[in-house]
>>> print(open('protein21.cif').read())   # mmCIF, C-alpha atoms
data_input
loop_
_atom_site.label_atom_id
_atom_site.label_comp_id
_atom_site.auth_asym_id
_atom_site.auth_seq_id
_atom_site.Cartn_x
_atom_site.Cartn_y
_atom_site.Cartn_z
CA MET A 12 0.00 0.00 0.00
CA TYR A 13 2.60 2.57 1.14
CA GLN A 14 5.59 0.88 -0.47
CA SER A 15 7.68 4.04 -0.64
CA LEU A 16 7.86 4.38 3.13
CA GLU A 17 10.84 2.49 4.50
CA LEU A 18 8.94 1.24 7.53
CA PHE A 19 6.24 -0.46 5.50
CA GLN A 20 8.75 -1.94 3.12
CA THR A 21 10.80 -3.44 5.95
CA ALA A 22 7.68 -4.79 7.63
CA GLY A 23 6.58 -6.31 4.33
CA ASP A 24 10.00 -7.91 3.80
CA MET A 25 9.88 -9.33 7.29
CA ALA A 26 6.40 -10.81 6.76
CA ARG A 27 7.52 -12.30 3.44
CA HIS A 28 10.58 -13.75 5.11
CA ALA A 29 8.45 -15.30 7.86
CA GLY A 30 6.15 -16.79 5.23
CA ALA A 31 9.07 -18.32 3.31
CA ARG A 32 10.49 -19.71 6.55
CA GLN A 33 7.14 -21.25 7.45
CA ALA A 34 6.90 -22.83 3.99
CA VAL A 35 10.32 -24.46 4.43
CA VAL A 36 9.37 -25.77 7.88
CA THR A 37 6.12 -27.20 6.48
CA ARG A 38 8.04 -29.01 3.74
CA ASN A 39 10.45 -30.44 6.32
CA ILE A 40 7.60 -31.73 8.47
CA ALA A 41 5.79 -33.25 5.49
CA HIS A 42 9.03 -35.12 4.71
CA ALA A 43 9.62 -36.19 8.31
CA ASP A 44 9.45 -39.87 7.27
CA THR A 45 10.91 -39.72 3.76
CA PRO A 46 14.11 -41.81 3.56
CA GLY A 47 17.21 -39.82 2.64
CA TYR A 48 15.54 -36.38 2.93
CA ARG A 49 17.81 -33.57 4.17
CA ALA A 50 16.18 -30.94 6.36
CA GLN A 51 16.40 -27.37 5.10
CA GLN A 52 16.23 -23.96 6.69
CA ILE A 53 16.66 -20.34 5.69
CA ALA A 54 18.82 -17.73 7.37
CA PRO A 55 17.18 -15.54 10.04
CA PHE A 56 15.88 -12.13 9.04
CA GLN A 57 18.63 -10.23 10.88
CA GLU A 58 21.23 -11.84 8.63
CA VAL A 59 19.22 -11.57 5.44
CA TYR A 60 18.11 -7.98 5.91
CA GLY A 61 20.31 -5.57 4.01
CA SER A 62 22.26 -8.31 2.27
CA ALA A 63 20.12 -7.96 -0.84
CA PRO A 64 21.65 -5.65 -3.46
CA ALA A 65 20.65 -2.13 -2.48
CA SER A 66 21.77 -0.42 -5.67
CA THR A 67 18.71 -0.33 -7.89
CA LEU A 68 18.50 1.56 -11.14
CA ARG A 69 17.16 5.05 -10.79
CA GLN A 70 13.91 5.81 -12.55
CA THR A 71 13.51 9.32 -13.83
CA ARG A 72 10.89 8.54 -16.45
CA PRO A 73 8.05 6.01 -16.43
CA GLY A 74 9.53 4.16 -19.43
CA HIS A 75 12.85 3.40 -17.77
CA LEU A 76 13.98 -0.11 -16.95
CA THR A 77 13.58 -1.10 -13.35
CA THR A 78 14.92 -3.89 -11.22
CA THR A 79 12.55 -5.68 -8.91
CA PRO A 80 12.42 -4.20 -5.41
CA ALA A 81 14.94 -5.74 -3.03
CA GLN A 82 13.59 -9.17 -2.25
CA VAL A 83 14.59 -11.04 0.85
CA ALA A 84 16.95 -13.73 -0.37
CA ALA A 85 15.53 -16.92 1.11
CA ARG A 86 17.48 -19.98 0.12
CA PRO A 87 17.10 -23.32 1.85
CA VAL A 88 20.36 -24.71 3.19
CA ALA A 89 20.86 -28.22 4.51
CA THR A 90 21.14 -28.38 8.29
CA ASP A 91 23.78 -30.57 9.87
CA SER A 92 21.79 -32.49 12.45
CA GLU A 93 22.30 -36.17 13.15
CA PRO A 94 20.54 -38.35 10.53
CA SER A 95 18.22 -41.18 11.56
CA PRO A 96 19.01 -44.72 10.30
CA ASN A 97 17.17 -44.10 7.00
CA GLY A 98 19.24 -40.99 6.24
CA ASN A 99 16.54 -38.47 7.19
CA THR A 100 17.77 -35.41 9.08
CA VAL A 101 14.42 -33.86 10.08
CA SER A 102 13.94 -33.31 13.80
CA LEU A 103 10.25 -32.71 14.57
CA GLU A 104 11.05 -30.79 17.76
CA ASP A 105 13.40 -28.40 16.01
CA GLU A 106 10.90 -27.89 13.23
CA LEU A 107 8.02 -27.10 15.60
CA LEU A 108 10.28 -24.61 17.37
CA ALA A 109 11.20 -23.00 14.05
CA SER A 110 7.53 -22.86 13.06
CA VAL A 111 6.57 -21.03 16.25
CA ALA A 112 9.47 -18.63 15.71
CA ALA A 113 8.28 -17.96 12.15
CA ALA A 114 4.70 -17.37 13.31
CA ARG A 115 5.91 -14.89 15.92
CA GLU A 116 8.09 -13.13 13.38
CA HIS A 117 5.10 -12.85 11.06
CA SER A 118 2.77 -11.44 13.68
CA ARG A 119 5.48 -9.01 14.79
CA ALA A 120 5.85 -7.77 11.23
CA LEU A 121 2.09 -7.37 10.87
CA ALA A 122 1.92 -5.51 14.18
CA ILE A 123 4.59 -3.08 12.98
CA TYR A 124 2.69 -2.57 9.73
CA ARG A 125 -0.59 -1.98 11.53
CA HIS A 126 1.04 0.43 13.93
CA GLY A 127 2.51 2.38 11.04
CA MET A 128 -0.96 2.62 9.55
CA THR A 129 -2.33 3.93 12.85
CA VAL A 130 0.36 6.60 12.97
CA LEU A 131 -0.47 7.64 9.40
CA ARG A 132 -4.18 7.80 10.18
CA THR A 133 -3.53 9.88 13.28
CA ALA A 134 -1.35 12.24 11.25
CA LEU A 135 -4.18 12.63 8.76
CA GLY A 136 -6.57 13.38 11.57
CA ARG A 137 -8.78 10.37 11.00
CA GLY A 138 -7.54 8.36 13.95
CA MET B 16 0.60 -15.44 -0.34
CA ASN B 17 2.19 -17.86 -2.77
CA ASP B 18 4.35 -19.25 0.02
CA PHE B 19 1.27 -19.85 2.13
CA SER B 20 -0.70 -21.72 -0.50
CA ASP B 21 2.40 -23.78 -1.33
CA ALA B 22 2.87 -24.61 2.33
CA MET B 23 -0.77 -25.61 2.67
CA SER B 24 -0.62 -27.96 -0.29
CA VAL B 25 2.61 -29.51 1.02
CA ALA B 26 1.04 -30.06 4.44
CA THR B 27 -2.00 -31.60 2.75
CA SER B 28 0.22 -33.95 0.74
CA GLY B 29 1.92 -34.97 3.98
CA MET B 30 -1.42 -35.76 5.60
CA LYS B 31 -2.53 -37.75 2.55
CA ALA B 32 0.69 -39.77 2.56
CA GLN B 33 0.42 -40.54 6.26
CA ALA B 34 -3.23 -41.54 5.88
CA ASN B 35 -2.25 -43.87 3.04
CA ARG B 36 0.42 -45.42 5.24
CA LEU B 37 -2.10 -45.87 8.04
CA ARG B 38 -4.43 -47.65 5.62
CA HIS B 39 -1.72 -50.15 4.73
CA VAL B 40 -0.94 -50.69 8.39
CA SER B 41 -4.59 -51.49 9.06
CA GLU B 42 -4.64 -53.87 6.08
CA ASN B 43 -1.67 -55.67 7.58
CA ILE B 44 -3.26 -55.87 11.01
CA ALA B 45 -6.56 -57.10 9.58
CA ASN B 46 -4.71 -59.88 7.74
CA THR B 47 -2.56 -61.04 10.65
CA ASP B 48 -4.20 -64.47 10.61
CA THR B 49 -4.54 -64.85 6.84
CA PRO B 50 -2.44 -67.85 5.69
CA GLY B 51 0.29 -66.89 3.24
CA PHE B 52 -0.22 -63.12 3.64
CA ARG B 53 2.90 -61.01 3.16
CA ARG B 54 3.19 -57.72 4.99
CA LYS B 55 2.75 -54.64 2.76
CA ILE B 56 5.34 -51.87 3.07
CA ILE B 57 5.21 -48.41 1.52
CA SER B 58 7.87 -45.75 1.60
CA PHE B 59 7.71 -41.98 1.06
CA GLU B 60 9.37 -40.01 -1.68
CA GLU B 61 9.38 -36.49 -3.05
CA GLN B 62 6.75 -35.78 -5.68
CA VAL B 63 8.06 -35.05 -9.18
CA ARG B 64 5.79 -33.31 -11.65
CA LEU B 65 6.93 -32.56 -15.22
CA GLY B 66 10.50 -33.46 -14.26
CA GLN B 67 10.56 -31.00 -11.38
CA GLN B 68 10.42 -31.62 -7.68
CA THR B 69 7.33 -29.96 -6.24
CA GLY B 70 8.33 -30.28 -2.58
CA SER B 71 5.23 -32.35 -1.82
CA VAL B 72 5.50 -35.81 -0.37
CA THR B 73 3.92 -38.87 -1.94
CA THR B 74 3.88 -42.58 -1.22
CA GLY B 75 6.26 -44.75 -3.20
CA PRO B 76 5.49 -48.09 -4.85
CA LEU B 77 4.01 -50.84 -2.71
CA ARG B 78 6.40 -53.60 -1.72
CA LEU B 79 5.83 -56.93 -0.04
CA ASP B 80 7.94 -57.91 2.94
CA GLN B 81 10.03 -60.88 1.75
CA THR B 82 10.88 -62.30 5.17
CA ASP B 83 9.92 -65.94 5.77
CA LEU B 84 6.29 -66.69 6.55
CA ALA B 85 5.58 -68.06 9.98
CA ARG B 86 5.24 -71.87 10.12
CA ILE B 87 2.34 -72.76 12.35
CA TYR B 88 1.69 -76.29 13.65
CA ASP B 89 -1.98 -77.22 13.44
CA PRO B 90 -2.73 -80.66 11.93
CA THR B 91 -6.47 -79.94 11.90
CA HIS B 92 -6.09 -76.87 9.67
CA PRO B 93 -7.34 -77.42 6.08
CA LEU B 94 -4.09 -76.01 4.63
CA ALA B 95 -1.79 -78.13 6.81
CA ASP B 96 0.74 -80.31 4.94
CA ASP B 97 1.75 -83.89 5.78
CA SER B 98 3.85 -82.84 8.76
CA GLY B 99 0.98 -80.80 10.22
CA TYR B 100 2.43 -77.35 9.47
CA PHE B 101 0.91 -74.52 7.41
CA GLN B 102 2.24 -71.11 6.43
CA GLY B 103 0.79 -68.14 8.27
CA SER B 104 1.46 -64.44 7.62
CA ASN B 105 4.68 -62.58 8.35
CA VAL B 106 2.90 -59.66 10.05
CA ASN B 107 4.52 -58.56 13.29
CA LEU B 108 1.85 -56.81 15.33
CA LEU B 109 4.38 -54.91 17.43
CA LEU B 110 5.93 -53.39 14.30
CA GLU B 111 2.53 -52.46 12.92
CA ILE B 112 1.43 -50.72 16.10
CA ALA B 113 4.69 -48.76 16.24
CA ASP B 114 4.26 -47.80 12.59
CA ALA B 115 0.66 -46.70 13.19
CA ARG B 116 1.71 -44.56 16.13
CA GLU B 117 4.46 -42.91 14.11
CA ALA B 118 2.02 -42.21 11.27
CA GLN B 119 -0.39 -40.63 13.74
CA ARG B 120 2.29 -38.38 15.20
CA SER B 121 3.43 -37.24 11.76
CA TYR B 122 -0.18 -36.62 10.71
CA GLU B 123 -0.72 -34.45 13.77
CA ALA B 124 2.46 -32.49 13.05
CA ASN B 125 1.28 -31.84 9.49
CA LEU B 126 -2.16 -30.79 10.71
CA LYS B 127 -0.57 -28.41 13.18
CA MET B 128 1.51 -26.84 10.42
CA PHE B 129 -1.58 -26.46 8.24
CA ASP B 130 -3.36 -24.67 11.07
CA GLN B 131 -0.36 -22.46 11.76
CA VAL B 132 -0.08 -21.39 8.12
CA ARG B 133 -3.83 -20.75 7.96
CA GLN B 134 -3.63 -18.53 11.03
CA MET B 135 -0.75 -16.58 9.54
CA SER B 136 -2.56 -15.97 6.27
CA SER B 137 -5.77 -14.95 8.01
CA ALA B 138 -3.78 -12.51 10.15
CA LEU B 139 -2.52 -11.05 6.89
CA MET B 140 -6.10 -10.75 5.65
CA ASP B 141 -7.10 -8.99 8.85
CA LEU B 142 -4.87 -6.08 7.83
CA LEU B 143 -7.45 -5.22 5.19
CA ARG B 144 -10.21 -4.84 7.74
CA LYS B 145 -10.95 -1.72 9.72
#
>>> encode(input="protein21.cif", output="structure tokens")
Amino acid sequence: MYQSLELFQTAGDMARHAGARQAVVTRNIAHADTPGYRAQQIAPFQEVYGSAPASTLRQTRPGHLTTTPAQVAARPVATDSEPSPNGNTVSLEDELLASVAAAREHSRALAIYRHGMTVLRTALGRG
Amino acid sequence: MNDFSDAMSVATSGMKAQANRLRHVSENIANTDTPGFRRKIISFEEQVRLGQQTGSVTTGPLRLDQTDLARIYDPTHPLADDSGYFQGSNVNLLLEIADAREAQRSYEANLKMFDQVRQMSSALMDLLRK
């Protein structure tokens, strides 16, 4: 909605990151009994934030080429936990923990977004 | 939003796979006393559609357990041979129960993830209200 404001963009990135993290956790849990499956995870938001290329092409006319807005780079990496006898490295406990962490991250991001909206409304005198 | 719908379909595929496994476990248990019955085993694998891995889980091909059938002594049984033995099934009830319990746990974990993802996406939708 208010993409140009830094606050909303960061909150949006954070929510997207939480969603991607939750998707990876869900895939891990679905494969909890698949032989030979390697568990995956993505880096926490603190590490990912700002690592995306910040230098985007400047747009001075509507027809100019643009690069996509800085996306949060979410790439699954194999974790190094102890595999079970069938070669599966998913640990249900770790995954549930990661899922709760992702849900909290998501609701935190949404809370920041909502708060920003409230501040804007107040500034407009429609609070 | 795309992440959420992906996650939901993956969780659903997990639940389907576990339910399928549970069905085979109950087939095995139901046929514990069937003479000559071999235990059915299924494994899980990653779903491949159009040459690409989708991330969903699916059940692999059905296999029959090739361990020896139990030899049961009962001369009055219609299938008994000259020495009074007949071949029973190779179902081990203890294994089946353990398998069923594991399937149940994994199903619950998948269901929990589905619920979690649903809550997250509905929280996102709530932003539009007010």
>>> resolve_selection(input="protein21.cif", expression="the PyMOL selection byres ((chain B) within 6 of (chain A))", output="PyMOL selection string")
chain B and resi 18+22+26+29+59-60
>>> atom_distance(input="protein21.cif", atom1="atom CA of B:Ser71", atom2="atom CA of A:Ala50")
13.7 Å
>>> resolve_selection(input="protein21.cif", expression="the PyMOL selection byres ((chain B and resi 91-103) around 8)", output="list of chain:residue names")
B:Asp48, B:Thr49, B:Pro50, B:Gly51, B:Phe52, B:Leu84, B:Ala85, B:Arg86, B:Ile87, B:Tyr88, B:Asp89, B:Pro90, B:Ser104, B:Asn105
>>> atom_distance(input="protein21.cif", atom1="atom CA of B:Ala34", atom2="atom CA of B:Glu123")
10.9 Å
>>> closest_residue(input="protein21.cif", among="A:Arg72, A:Thr133, A:Gln51, A:Gly23", to="A:Ser92", atoms="all atoms listed in the file")
A:Gln51
>>> atom_distance(input="protein21.cif", atom1="atom CA of B:Lys55", atom2="atom CA of B:Leu77")
6.8 Å
>>> residues_around(input="protein21.cif", residues="B:Asp80", least_positions_apart="3", cutoff="7 Å", atoms="only C-alpha atoms", output="list in words")
Arg53, Arg54, Lys55 and Ile56 of chain B
>>> write_last_selection(input="protein21.cif", atoms="C-alpha atoms", output="PDB file, in the coordinates of the input")
ATOM      1  CA  ARG B  53       2.900 -61.010   3.160  1.00  0.00           C
ATOM      2  CA  ARG B  54       3.190 -57.720   4.990  1.00  0.00           C
ATOM      3  CA  LYS B  55       2.750 -54.640   2.760  1.00  0.00           C
ATOM      4  CA  ILE B  56       5.340 -51.870   3.070  1.00  0.00           C
TER       5      ILE B  56
END
>>> residues_around(input="protein21.cif", residues="stretch 129-133 of chain B", least_positions_apart="2", cutoff="7 Å", atoms="all atoms listed in the file", output="list in words")
Phe19, Met23, Ala26, Asn125, Leu126, Lys127, Met135, Ser136 and Ser137 of chain B
>>> closest_residue(input="protein21.cif", among="B:Ala115, B:Leu109, B:Val25, B:Leu65", to="B:Leu37", atoms="only C-alpha atoms")
B:Ala115
>>> residues_around(input="protein21.cif", residues="A:Phe56", least_positions_apart="3", cutoff="9 Å", atoms="all atoms listed in the file", output="number ranges by chain")
A: 24-25, 28-29, 53, 59-60, 83, 116
>>> closest_residue(input="protein21.cif", among="B:Ala124, B:Arg38, B:Ala45, B:Ala32", to="B:Glu61", atoms="all atoms listed in the file")
B:Ala32
>>> closest_residue(input="protein21.cif", among="B:Thr82, B:Pro76, B:Arg36, B:Ser24", to="B:Val106", atoms="only C-alpha atoms")
B:Thr82
>>> closest_residue(input="protein21.cif", among="B:Met140, B:Val72, B:Ile57, B:Val63", to="B:Val40", atoms="all atoms listed in the file")
B:Ile57
>>> closest_residue(input="protein21.cif", among="B:Met128, B:Ser28, B:Gln33, B:Thr69", to="A:Ala109", atoms="all atoms listed in the file")
B:Met128
>>> build_atoms(input="protein21.cif", residues="stretch 55-80 of chain B", atoms="N, CA and C atoms", output="mmCIF file, in the coordinates of the input")
data_model
loop_
_atom_site.group_PDB
_atom_site.id
_atom_site.type_symbol
_atom_site.label_atom_id
_atom_site.label_comp_id
_atom_site.auth_asym_id
_atom_site.auth_seq_id
_atom_site.Cartn_x
_atom_site.Cartn_y
_atom_site.Cartn_z
ATOM 1 N N LYS B 55 2.570 -55.689 3.773
ATOM 2 C CA LYS B 55 2.750 -54.640 2.760
ATOM 3 C C LYS B 55 3.539 -53.477 3.352
ATOM 4 N N ILE B 56 4.524 -52.997 2.603
ATOM 5 C CA ILE B 56 5.340 -51.870 3.070
ATOM 6 C C ILE B 56 5.271 -50.770 2.018
ATOM 7 N N ILE B 57 5.057 -49.528 2.467
ATOM 8 C CA ILE B 57 5.210 -48.410 1.520
ATOM 9 C C ILE B 57 6.214 -47.434 2.095
ATOM 10 N N SER B 58 6.889 -46.745 1.196
ATOM 11 C CA SER B 58 7.870 -45.750 1.600
ATOM 12 C C SER B 58 7.423 -44.392 1.055
ATOM 13 N N PHE B 59 8.055 -43.324 1.537
ATOM 14 C CA PHE B 59 7.710 -41.980 1.060
ATOM 15 C C PHE B 59 8.787 -41.462 0.125
ATOM 16 N N GLU B 60 8.396 -40.651 -0.806
ATOM 17 C CA GLU B 60 9.370 -40.010 -1.680
ATOM 18 C C GLU B 60 8.866 -38.633 -2.089
ATOM 19 N N GLU B 61 9.767 -37.839 -2.642
ATOM 20 C CA GLU B 61 9.380 -36.490 -3.050
ATOM 21 C C GLU B 61 8.653 -36.552 -4.380
ATOM 22 N N GLN B 62 7.569 -35.764 -4.461
ATOM 23 C CA GLN B 62 6.750 -35.780 -5.680
ATOM 24 C C GLN B 62 7.469 -35.062 -6.819
ATOM 25 N N VAL B 63 7.453 -35.667 -7.990
ATOM 26 C CA VAL B 63 8.060 -35.050 -9.180
ATOM 27 C C VAL B 63 6.965 -34.848 -10.211
ATOM 28 N N ARG B 64 6.792 -33.584 -10.620
ATOM 29 C CA ARG B 64 5.790 -33.310 -11.650
ATOM 30 C C ARG B 64 6.470 -32.599 -12.811
ATOM 31 N N LEU B 65 6.298 -33.105 -14.011
ATOM 32 C CA LEU B 65 6.930 -32.560 -15.220
ATOM 33 C C LEU B 65 8.438 -32.441 -15.038
ATOM 34 N N GLY B 66 9.047 -33.439 -14.415
ATOM 35 C CA GLY B 66 10.500 -33.460 -14.260
ATOM 36 C C GLY B 66 11.020 -32.550 -13.173
ATOM 37 N N GLN B 67 10.102 -31.888 -12.434
ATOM 38 C CA GLN B 67 10.560 -31.000 -11.380
ATOM 39 C C GLN B 67 10.025 -31.425 -10.028
ATOM 40 N N GLN B 68 10.869 -31.265 -9.018
ATOM 41 C CA GLN B 68 10.420 -31.620 -7.680
ATOM 42 C C GLN B 68 9.491 -30.536 -7.169
ATOM 43 N N THR B 69 8.310 -30.947 -6.686
ATOM 44 C CA THR B 69 7.330 -29.960 -6.240
ATOM 45 C C THR B 69 7.464 -29.663 -4.760
ATOM 46 N N GLY B 70 8.218 -30.486 -4.024
ATOM 47 C CA GLY B 70 8.330 -30.280 -2.580
ATOM 48 C C GLY B 70 7.286 -31.065 -1.808
ATOM 49 N N SER B 71 6.246 -31.550 -2.507
ATOM 50 C CA SER B 71 5.230 -32.350 -1.820
ATOM 51 C C SER B 71 5.745 -33.759 -1.596
ATOM 52 N N VAL B 72 5.105 -34.443 -0.663
ATOM 53 C CA VAL B 72 5.500 -35.810 -0.370
ATOM 54 C C VAL B 72 4.440 -36.752 -0.937
ATOM 55 N N THR B 73 4.869 -37.899 -1.405
ATOM 56 C CA THR B 73 3.920 -38.870 -1.940
ATOM 57 C C THR B 73 4.396 -40.266 -1.549
ATOM 58 N N THR B 74 3.483 -41.227 -1.608
ATOM 59 C CA THR B 74 3.880 -42.580 -1.220
ATOM 60 C C THR B 74 4.519 -43.266 -2.424
ATOM 61 N N GLY B 75 5.568 -44.037 -2.146
ATOM 62 C CA GLY B 75 6.260 -44.750 -3.200
ATOM 63 C C GLY B 75 5.531 -46.024 -3.588
ATOM 64 N N PRO B 76 6.137 -46.852 -4.440
ATOM 65 C CA PRO B 76 5.490 -48.090 -4.850
ATOM 66 C C PRO B 76 5.328 -49.070 -3.686
ATOM 67 N N LEU B 77 4.277 -49.862 -3.765
ATOM 68 C CA LEU B 77 4.010 -50.840 -2.710
ATOM 69 C C LEU B 77 4.970 -52.013 -2.835
ATOM 70 N N ARG B 78 5.525 -52.434 -1.706
ATOM 71 C CA ARG B 78 6.400 -53.600 -1.720
ATOM 72 C C ARG B 78 5.875 -54.617 -0.725
ATOM 73 N N LEU B 79 6.229 -55.876 -0.971
ATOM 74 C CA LEU B 79 5.830 -56.930 -0.040
ATOM 75 C C LEU B 79 7.043 -57.342 0.774
ATOM 76 N N ASP B 80 6.853 -57.502 2.061
ATOM 77 C CA ASP B 80 7.940 -57.910 2.940
ATOM 78 C C ASP B 80 8.342 -59.347 2.594
#
